[in-house]
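Listing of start-v1.txt, compact mmCIF, C-alpha atoms and all ligand atoms
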# COMPACT_ATOMS: atom_id res chain seq x y z
CA MET O 6 -58.23 30.61 38.57
CA LEU O 7 -56.67 33.57 40.37
CA SER O 8 -56.64 36.94 38.71
CA ILE O 9 -55.23 40.08 40.30
CA ASN O 10 -55.74 43.37 38.51
CA ASN O 11 -54.43 46.86 39.13
CA LEU O 12 -53.85 46.10 42.80
CA GLU O 13 -52.81 48.89 45.14
CA VAL O 14 -52.04 48.21 48.80
CA GLY O 15 -50.40 50.24 51.52
CA TYR O 16 -49.90 50.61 55.24
CA GLY O 17 -51.37 53.86 56.50
CA GLY O 18 -50.24 56.47 54.01
CA ALA O 19 -47.38 54.45 52.56
CA THR O 20 -48.20 52.69 49.31
CA VAL O 21 -46.36 49.38 48.99
CA LEU O 22 -47.95 47.89 45.87
CA ARG O 23 -49.06 49.80 42.81
CA ASN O 24 -50.78 48.58 39.65
CA VAL O 25 -49.92 44.92 40.31
CA GLY O 26 -51.37 42.37 37.89
CA ILE O 27 -50.86 38.63 38.36
CA LYS O 28 -52.57 35.51 37.06
CA VAL O 29 -52.45 31.91 38.21
CA GLU O 30 -54.02 29.24 36.01
CA THR O 31 -55.43 25.98 37.38
CA GLY O 32 -52.66 23.65 38.55
CA GLN O 33 -49.83 26.06 37.77
CA VAL O 34 -46.88 26.93 39.99
CA VAL O 35 -46.37 30.67 39.73
CA CYS O 36 -43.37 32.27 41.35
CA ILE O 37 -43.06 35.80 42.74
CA MET O 38 -39.52 37.10 43.09
CA GLY O 39 -38.07 40.38 44.26
CA ARG O 40 -35.74 41.93 46.77
CA ASN O 41 -36.45 42.22 50.49
CA GLY O 42 -39.17 44.73 51.25
CA VAL O 43 -40.56 44.94 47.72
CA GLY O 44 -44.00 43.81 48.91
CA LYS O 45 -44.18 40.06 48.24
CA THR O 46 -45.66 39.21 51.63
CA THR O 47 -48.01 42.18 51.36
CA LEU O 48 -49.24 40.72 48.07
CA LEU O 49 -49.92 37.24 49.48
CA LYS O 50 -51.63 38.66 52.58
CA THR O 51 -53.87 40.73 50.35
CA VAL O 52 -54.79 37.66 48.31
CA MET O 53 -55.67 35.87 51.56
CA GLY O 54 -57.76 38.84 52.72
CA LEU O 55 -55.55 39.81 55.65
CA LEU O 56 -54.93 43.24 54.13
CA ARG O 57 -57.40 45.47 52.28
CA PRO O 58 -56.36 46.89 48.93
CA THR O 59 -57.00 50.58 48.28
CA GLN O 60 -57.57 49.83 44.60
CA GLY O 61 -57.89 46.94 42.23
CA GLU O 62 -59.59 43.58 42.05
CA ILE O 63 -58.93 40.01 43.00
CA SER O 64 -61.00 37.26 41.50
CA PHE O 65 -60.82 33.57 42.28
CA ASP O 66 -62.62 30.87 40.30
CA GLY O 67 -64.60 33.56 38.55
CA GLN O 68 -65.79 35.25 41.74
CA ASN O 69 -64.81 38.71 42.84
CA ILE O 70 -63.27 38.17 46.30
CA THR O 71 -61.70 41.62 46.69
CA ARG O 72 -63.76 42.33 49.78
CA ALA O 73 -64.27 38.79 51.10
CA ALA O 74 -63.08 37.93 54.61
CA PRO O 75 -60.15 35.50 54.99
CA ASP O 76 -62.32 32.63 56.23
CA ARG O 77 -64.53 32.89 53.16
CA ARG O 78 -61.44 32.76 50.94
CA ALA O 79 -60.23 29.69 52.83
CA ARG O 80 -63.57 27.96 52.28
CA ALA O 81 -63.46 28.96 48.62
CA GLY O 82 -60.20 27.00 48.35
CA ILE O 83 -57.27 29.29 49.12
CA GLY O 84 -54.68 27.95 51.57
CA PHE O 85 -51.95 30.13 53.09
CA VAL O 86 -48.52 29.19 54.45
CA PRO O 87 -47.17 32.42 55.96
CA GLN O 88 -43.55 33.55 55.96
CA GLY O 89 -41.90 32.37 59.17
CA ARG O 90 -44.40 29.47 59.29
CA GLU O 91 -46.46 30.76 62.24
CA ILE O 92 -47.46 27.39 63.59
CA PHE O 93 -48.85 27.32 67.13
CA PRO O 94 -45.86 26.41 69.32
CA HIS O 95 -47.89 25.36 72.36
CA LEU O 96 -50.33 23.16 70.44
CA THR O 97 -49.40 19.64 69.37
CA VAL O 98 -48.74 18.68 65.77
CA GLN O 99 -52.15 16.98 65.72
CA GLU O 100 -53.87 20.10 67.07
CA ASN O 101 -52.08 22.33 64.58
CA LEU O 102 -53.27 20.12 61.73
CA GLU O 103 -56.81 19.98 63.08
CA LEU O 104 -56.97 23.76 62.99
CA GLY O 105 -56.56 23.39 59.24
CA LEU O 106 -59.62 21.14 59.10
CA GLU O 107 -61.69 23.90 60.68
CA ALA O 108 -61.25 26.02 57.60
CA ALA O 109 -62.05 23.20 55.16
CA VAL O 110 -63.87 23.86 51.93
CA LYS O 111 -67.56 24.60 52.23
CA GLY O 112 -69.96 22.36 50.37
CA LYS O 113 -67.70 19.34 50.50
CA SER O 114 -68.28 17.15 53.55
CA LYS O 115 -65.97 18.44 56.22
CA PRO O 116 -63.17 15.99 56.97
CA THR O 117 -63.16 14.97 60.63
CA LYS O 118 -59.67 13.56 60.69
CA VAL O 119 -56.40 14.76 59.28
CA PRO O 120 -56.09 13.22 55.79
CA ASP O 121 -53.49 10.43 55.46
CA SER O 122 -52.16 12.18 52.36
CA ILE O 123 -50.55 14.78 54.61
CA PHE O 124 -48.56 12.13 56.46
CA GLU O 125 -47.69 10.46 53.18
CA MET O 126 -46.23 13.75 52.03
CA PHE O 127 -44.46 14.43 55.33
CA PRO O 128 -43.78 11.08 57.04
CA ALA O 129 -41.73 12.81 59.75
CA LEU O 130 -44.89 14.45 61.10
CA LYS O 131 -46.59 11.13 61.76
CA GLY O 132 -44.13 10.13 64.47
CA MET O 133 -44.44 13.55 66.11
CA ILE O 134 -48.17 13.84 66.32
CA ALA O 135 -48.23 14.41 70.09
CA ARG O 136 -45.27 16.79 70.17
CA ARG O 137 -45.73 20.49 70.62
CA GLY O 138 -45.13 22.55 67.49
CA GLY O 139 -42.46 24.58 69.27
CA GLN O 140 -40.33 21.47 69.79
CA LEU O 141 -40.02 20.80 66.06
CA SER O 142 -37.04 21.85 63.94
CA GLY O 143 -37.48 24.69 61.46
CA GLY O 144 -37.90 22.27 58.58
CA GLN O 145 -40.43 20.19 60.45
CA GLN O 146 -42.37 23.32 61.38
CA GLN O 147 -42.43 24.25 57.70
CA GLN O 148 -43.80 20.82 56.86
CA LEU O 149 -46.40 21.29 59.58
CA ALA O 150 -47.38 24.71 58.22
CA ILE O 151 -47.79 23.26 54.71
CA GLY O 152 -49.67 20.26 56.12
CA ARG O 153 -52.01 22.56 58.03
CA ALA O 154 -52.75 24.54 54.88
CA LEU O 155 -53.33 21.33 52.88
CA ALA O 156 -55.81 20.13 55.52
CA THR O 157 -58.17 22.84 54.26
CA ASP O 158 -58.17 20.98 50.91
CA PRO O 159 -57.27 24.06 48.88
CA SER O 160 -57.18 24.40 45.11
CA LEU O 161 -54.66 27.25 45.43
CA LEU O 162 -51.84 27.33 47.94
CA LEU O 163 -50.03 30.58 48.81
CA LEU O 164 -46.49 29.80 49.97
CA ASP O 165 -44.35 32.61 51.36
CA GLU O 166 -40.63 31.72 51.27
CA PRO O 167 -40.99 28.12 52.44
CA MET O 168 -37.23 27.50 52.16
CA GLU O 169 -36.22 30.44 54.33
CA GLY O 170 -34.02 29.43 57.25
CA ILE O 171 -34.21 25.72 56.53
CA GLN O 172 -31.39 23.17 56.47
CA PRO O 173 -30.34 22.03 52.98
CA SER O 174 -31.39 18.44 53.71
CA VAL O 175 -34.95 19.51 54.45
CA VAL O 176 -35.05 21.89 51.49
CA GLN O 177 -35.19 18.84 49.23
CA GLU O 178 -38.15 17.44 51.13
CA ILE O 179 -40.05 20.70 50.84
CA GLU O 180 -39.17 20.90 47.14
CA HIS O 181 -40.45 17.37 46.65
CA ALA O 182 -43.64 18.27 48.51
CA ILE O 183 -44.28 21.25 46.24
CA ARG O 184 -43.80 19.04 43.19
CA THR O 185 -46.24 16.48 44.62
CA ILE O 186 -48.76 19.21 45.45
CA LYS O 187 -48.66 20.24 41.84
CA ALA O 188 -48.38 16.91 40.04
CA GLU O 189 -50.55 14.61 42.15
CA ARG O 190 -52.87 16.89 44.08
CA LYS O 191 -53.35 19.27 41.13
CA ILE O 192 -53.18 22.24 43.47
CA ALA O 193 -52.03 25.55 42.02
CA VAL O 194 -49.24 27.28 43.94
CA LEU O 195 -48.41 30.96 44.21
CA LEU O 196 -44.89 30.82 45.57
CA VAL O 197 -42.70 33.61 46.91
CA GLU O 198 -39.14 32.42 46.47
CA GLN O 199 -35.68 33.99 46.72
CA SER O 200 -33.72 31.28 44.93
CA LEU O 201 -33.66 31.86 41.19
CA GLU O 202 -32.40 28.33 40.63
CA PHE O 203 -35.32 26.82 42.48
CA ALA O 204 -37.84 29.14 40.89
CA THR O 205 -36.52 28.27 37.44
CA THR O 206 -36.86 24.53 37.99
CA ILE O 207 -40.30 24.56 39.58
CA ALA O 208 -42.24 27.54 38.19
CA ASP O 209 -44.49 27.46 35.15
CA TYR O 210 -44.44 31.23 35.17
CA THR O 211 -42.51 33.88 37.10
CA TYR O 212 -43.22 37.49 38.06
CA ILE O 213 -40.40 39.81 39.09
CA MET O 214 -41.27 42.70 41.39
CA ASP O 215 -39.38 45.93 41.91
CA ASN O 216 -40.33 49.54 42.66
CA HIS O 217 -43.70 48.52 44.14
CA THR O 218 -44.90 46.68 41.05
CA VAL O 219 -44.38 43.86 38.55
CA VAL O 220 -41.46 44.78 36.29
CA ALA O 221 -40.97 41.54 34.35
CA GLN O 222 -42.74 38.24 33.79
CA GLY O 223 -42.42 35.09 31.75
CA LYS O 224 -41.95 31.35 31.56
CA PRO O 225 -38.65 29.88 32.76
CA GLY O 226 -35.89 31.14 30.49
CA GLU O 227 -37.98 33.93 28.99
CA ILE O 228 -36.75 36.63 31.35
CA SER O 229 -33.25 37.78 30.38
CA GLU O 230 -30.26 37.39 32.68
CA GLU O 231 -29.76 41.13 32.55
CA VAL O 232 -33.28 41.87 33.74
CA LEU O 233 -32.99 39.28 36.50
CA ARG O 234 -29.68 40.70 37.64
CA HIS O 235 -30.96 44.24 37.57
CA HIS O 236 -34.05 43.54 39.67
CA LEU O 237 -32.92 40.73 41.95
CA THR O 238 -29.32 41.28 42.99
CA VAL O 239 -28.68 43.51 45.96
N1 LIG N 1 -47.43 46.02 59.17
C1 LIG N 1 -46.73 46.91 58.45
N2 LIG N 1 -46.83 48.23 58.70
C2 LIG N 1 -46.13 49.15 57.99
N3 LIG N 1 -45.29 48.82 56.98
C3 LIG N 1 -45.13 47.53 56.69
C4 LIG N 1 -45.83 46.50 57.41
N4 LIG N 1 -45.49 45.30 56.89
C5 LIG N 1 -44.61 45.58 55.90
N5 LIG N 1 -44.39 46.89 55.78
C6 LIG N 1 -43.52 47.55 54.79
O1 LIG N 1 -44.02 47.25 53.50
C7 LIG N 1 -42.96 46.98 52.60
C8 LIG N 1 -43.15 45.60 51.99
O2 LIG N 1 -43.05 44.61 53.00
P1 LIG N 1 -43.24 43.07 52.68
O3 LIG N 1 -43.11 42.35 53.97
O4 LIG N 1 -44.47 42.87 51.91
O5 LIG N 1 -41.97 42.79 51.75
P2 LIG N 1 -41.36 41.42 51.24
O6 LIG N 1 -41.13 41.58 49.79
O7 LIG N 1 -42.21 40.29 51.68
O8 LIG N 1 -39.95 41.36 52.00
P3 LIG N 1 -39.09 40.09 52.48
O9 LIG N 1 -38.38 39.56 51.27
O10 LIG N 1 -38.12 40.68 53.46
O11 LIG N 1 -40.02 39.10 53.11
C9 LIG N 1 -41.67 47.12 53.39
O12 LIG N 1 -41.18 48.42 53.16
C10 LIG N 1 -42.11 46.98 54.82
O13 LIG N 1 -41.28 47.70 55.67
MG MG N 2 -41.88 38.66 52.84

Encoded form (structure tokens):
Amino acid sequence: MLSINNLEVGYGGATVLRNVGIKVETGQVVCIMGRNGVGKTTLLKTVMGLLRPTQGEISFDGQNITRAAPDRRARAGIGFVPQGREIFPHLTVQENLELGLEAAVKGKSKPTKVPDSIFEMFPALKGMIARRGGQLSGGQQQQLAIGRALATDPSLLLLDEPMEGIQPSVVQEIEHAIRTIKAERKIAVLLVEQSLEFATTIADYTYIMDNHTVVAQGKPGEISEEVLRHHLTV
């Protein structure tokens, strides 16, 4: 459903990504791993249309979206949960979720209320509906950010390090949510993740990035320990 070919992206004169090729099939969880600064966030932002590639192509559901604006990508079915969550701290939980509805998929009738499925996935949010986003814990903010992205009713969710800076107890809830997103909602996930253990248990396919590009890829267990160690350890 998502196909990235020969992607090149940079900031000013500095090239960050070179000749990157990645595929996500319908309903798959695909993991991107790599050291800090390798360009994982740059990749997701480019898929969402927040950065312009200098070369290459991105197609989604058979359409070339390389030059499409972010809102068009959102309506086409791509949801984005940015690194660091970026919820609106001064807006309430309800208002944060409603912002997701604004970007809902074109063609389908636009939902007017936040779907119950979001509260089923994250029951903690239900009791906090009137609280400001900034008053939530890190884990709750992450749940809110995922909930907001799900409110757009995506068929592909881009998740940038959802476990970063989150208490171990909440990590399990987020992990459970990702499994539900895949198994019950049938949403494909492109996940940037630092934990090899987590990536191995959840991913259908993994790409390892180093030196500005994809250096290894495979199903869980297919990438050798040596390769993983070489490209992931600091
Ligand atoms: N707005 C920007 N302007 C200039 N350079 C940037 C900008 N954002 C990122 N970079 C640089 O691009 C490179 C890739 O950054 P990116 O944030 O994509 O890496 P990352 O793999 O997501 O890292 P992390 O694991 O720390 O989140 C880094 O060298 C970074 O310093
Ligand atoms: Mg990043």

Quiz prompt | Ile213 (chain O) surroundings by only C-alpha atoms, 8 Å radius, close-in-sequence under 5 positions cut, as JSON, numbers by chain | solution = {"O": [37, 38, 39, 219, 220, 221, 222, 233, 236]}

Quiz item: Which neighbours of region 90-107 of chain O fall inside 6 Å, counting all atoms listed in the file, when residues of the same chain fewer than 6 positions from it are skipped, and could you give them as a list of chain:residue names?
Solution: O:Ile134, O:Ala135, O:Arg136, O:Arg137, O:Gly138, O:Gly139, O:Gln147, O:Ala150, O:Arg153, O:Ala154, O:Ala156, O:Thr157

Quiz prompt | Point (-39.5, 18.9, 55.2), cut-off 7 Å, counting all atoms listed in the file, residues as a PyMOL selection string | solution = chain O and resi 127+144-145+147-148+175-176+178-179

List every residue of chain O that has an atom at most 7 Å from any atom of ligand MG 2 (chain N), giving for each one its closest atom pair and the distance in Å to one decimal, counting all atoms listed in the file, sorted by chain and then by ascending residue number, as CSV.
residue,atom,partner,partner_atom,distance
O:Asn41,CA,N:MG2,MG,6.9
O:Gly42,CA,N:MG2,MG,6.8
O:Gly44,CA,N:MG2,MG,6.8
O:Lys45,CA,N:MG2,MG,5.3
O:Thr46,CA,N:MG2,MG,4.0
O:Gln88,CA,N:MG2,MG,6.2
O:Asp165,CA,N:MG2,MG,6.7

Quiz item: Suppose you want the space between CA of Ala208 (chain O) and atom O12 of ligand LIG 1 (chain N); what is it in Å?
Solution: 25.7 Å

Residues of chain O at most 12 Å from ligand LIG 1 (chain N): nearest atom pair and distance in Å, only C-alpha atoms and all ligand atoms, as a tab-separated table:
residue	atom	partner	partner_atom	distance
O:Val14	CA	N:LIG1	O1	9.3
O:Gly15	CA	N:LIG1	O1	7.3
O:Tyr16	CA	N:LIG1	C2	4.9
O:Gly17	CA	N:LIG1	C2	7.2
O:Gly18	CA	N:LIG1	C2	9.3
O:Ala19	CA	N:LIG1	N3	7.5
O:Thr20	CA	N:LIG1	O1	8.0
O:Val21	CA	N:LIG1	C7	5.5
O:Leu22	CA	N:LIG1	C8	8.1
O:Arg23	CA	N:LIG1	C8	11.7
O:Ile37	CA	N:LIG1	O6	9.3
O:Met38	CA	N:LIG1	O6	8.2
O:Gly39	CA	N:LIG1	O6	6.4
O:Arg40	CA	N:LIG1	O9	5.7
O:Asn41	CA	N:LIG1	O9	3.4
O:Gly42	CA	N:LIG1	O5	3.4
O:Val43	CA	N:LIG1	O6	4.0
O:Gly44	CA	N:LIG1	O4	3.2
O:Lys45	CA	N:LIG1	O6	3.7
O:Thr46	CA	N:LIG1	O7	3.6
O:Thr47	CA	N:LIG1	O4	3.6
O:Leu48	CA	N:LIG1	O4	6.5
O:Leu49	CA	N:LIG1	O4	8.2
O:Lys50	CA	N:LIG1	O4	8.3
O:Thr51	CA	N:LIG1	O4	9.8
O:Leu55	CA	N:LIG1	N1	10.8
O:Leu56	CA	N:LIG1	N1	9.5
O:Pro87	CA	N:LIG1	O11	10.2
O:Gln88	CA	N:LIG1	O11	7.2
O:Gly89	CA	N:LIG1	O11	9.2
O:Leu164	CA	N:LIG1	O7	11.5
O:Asp165	CA	N:LIG1	O7	8.0
O:Glu166	CA	N:LIG1	O11	7.6
O:Pro167	CA	N:LIG1	O11	11.0
O:Met168	CA	N:LIG1	O11	12.0
O:Glu169	CA	N:LIG1	O11	9.5
O:Leu196	CA	N:LIG1	O7	11.6
O:Val197	CA	N:LIG1	O7	8.2
O:Glu198	CA	N:LIG1	O9	8.6
O:Gln199	CA	N:LIG1	O9	7.7
O:Ser200	CA	N:LIG1	O9	11.4
O:Ile213	CA	N:LIG1	O6	10.9
O:Met214	CA	N:LIG1	O6	8.5
O:Asp215	CA	N:LIG1	O6	9.2
O:Asn216	CA	N:LIG1	C8	10.5
O:His217	CA	N:LIG1	C8	8.4
O:Thr218	CA	N:LIG1	O6	10.8
O:Val219	CA	N:LIG1	O6	11.9
O:Leu237	CA	N:LIG1	O9	10.9
O:Val239	CA	N:LIG1	O9	11.7

Edge lengths and centre in Å to one decimal, as JSON, is what I'm after for the box along x, y and z that holds all listed atoms of region 198-215 of chain O once 8 Å is added on each side.
{"center_x": -38.4, "center_y": 35.2, "center_z": 40.9, "size_x": 28.1, "size_y": 37.4, "size_z": 27.6}

Self-check item: From O:Val119, O:Cys36, O:Leu12, O:Val86, residue lying nearest Ser64 (chain O) [all atoms listed in the file]
Solution: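 Counting all atoms listed in the file, the residue closest to Ser64 (chain O) is O:Leu12.
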
Quiz prompt | Selected residue of minimal separation from Gln60 (chain O) among O:Pro173, O:Gly26, O:Gly226, O:Gly143, counting only C-alpha atoms | solution =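 Distance minimum relative to Gln60 (chain O) lands on O:Gly26.
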
Quiz item: Need the neighbours of (-44.1, 24.2, 32.9): which residues are at most 9 Å away, counting only C-alpha atoms, as a list in words?
Solution: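 Final list of nearby residues, as requested, is Gln33, Val34, Thr206, Ile207, Ala208, Asp209, Tyr210, Lys224 and Pro225 of chain O.
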
Quiz item: Quick one: distance from CA of Leu141 (chain O) to CA of Ala204 (chain O) in Å, one decimal?
Solution: 26.6 Å

Exercise. Could you tell me how far CA of Thr238 (chain O) lies from CA of Gln172 (chain O), in Å and to one decimal?
Key: 22.7 Å

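The smallest atom-to-atom distance between Glu125 (chain O) and any of O:Thr185, O:Thr71, O:Gly82, O:Leu162, using only C-alpha atoms, is found for O:Thr185.
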
For Ile9 (chain O), list every protein, DNA or RNA residue within 9 Å, evaluated using all atoms listed in the file, and leave out those in the same chain fewer than 2 positions away; present the list as a PDB file with C-alpha atoms, in the frame of the given file.
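File produced: part21.pdb:
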ATOM      1  CA  LEU O   7     -56.670  33.570  40.370  1.00  0.00           C
ATOM      2  CA  ASN O  11     -54.430  46.860  39.130  1.00  0.00           C
ATOM      3  CA  LEU O  12     -53.850  46.100  42.800  1.00  0.00           C
ATOM      4  CA  VAL O  25     -49.920  44.920  40.310  1.00  0.00           C
ATOM      5  CA  GLY O  26     -51.370  42.370  37.890  1.00  0.00           C
ATOM      6  CA  ILE O  27     -50.860  38.630  38.360  1.00  0.00           C
ATOM      7  CA  LYS O  28     -52.570  35.510  37.060  1.00  0.00           C
ATOM      8  CA  VAL O  29     -52.450  31.910  38.210  1.00  0.00           C
ATOM      9  CA  VAL O  52     -54.790  37.660  48.310  1.00  0.00           C
ATOM     10  CA  GLY O  61     -57.890  46.940  42.230  1.00  0.00           C
ATOM     11  CA  GLU O  62     -59.590  43.580  42.050  1.00  0.00           C
ATOM     12  CA  ILE O  63     -58.930  40.010  43.000  1.00  0.00           C
ATOM     13  CA  SER O  64     -61.000  37.260  41.500  1.00  0.00           C
ATOM     14  CA  PHE O  65     -60.820  33.570  42.280  1.00  0.00           C
TER      15      PHE O  65
END
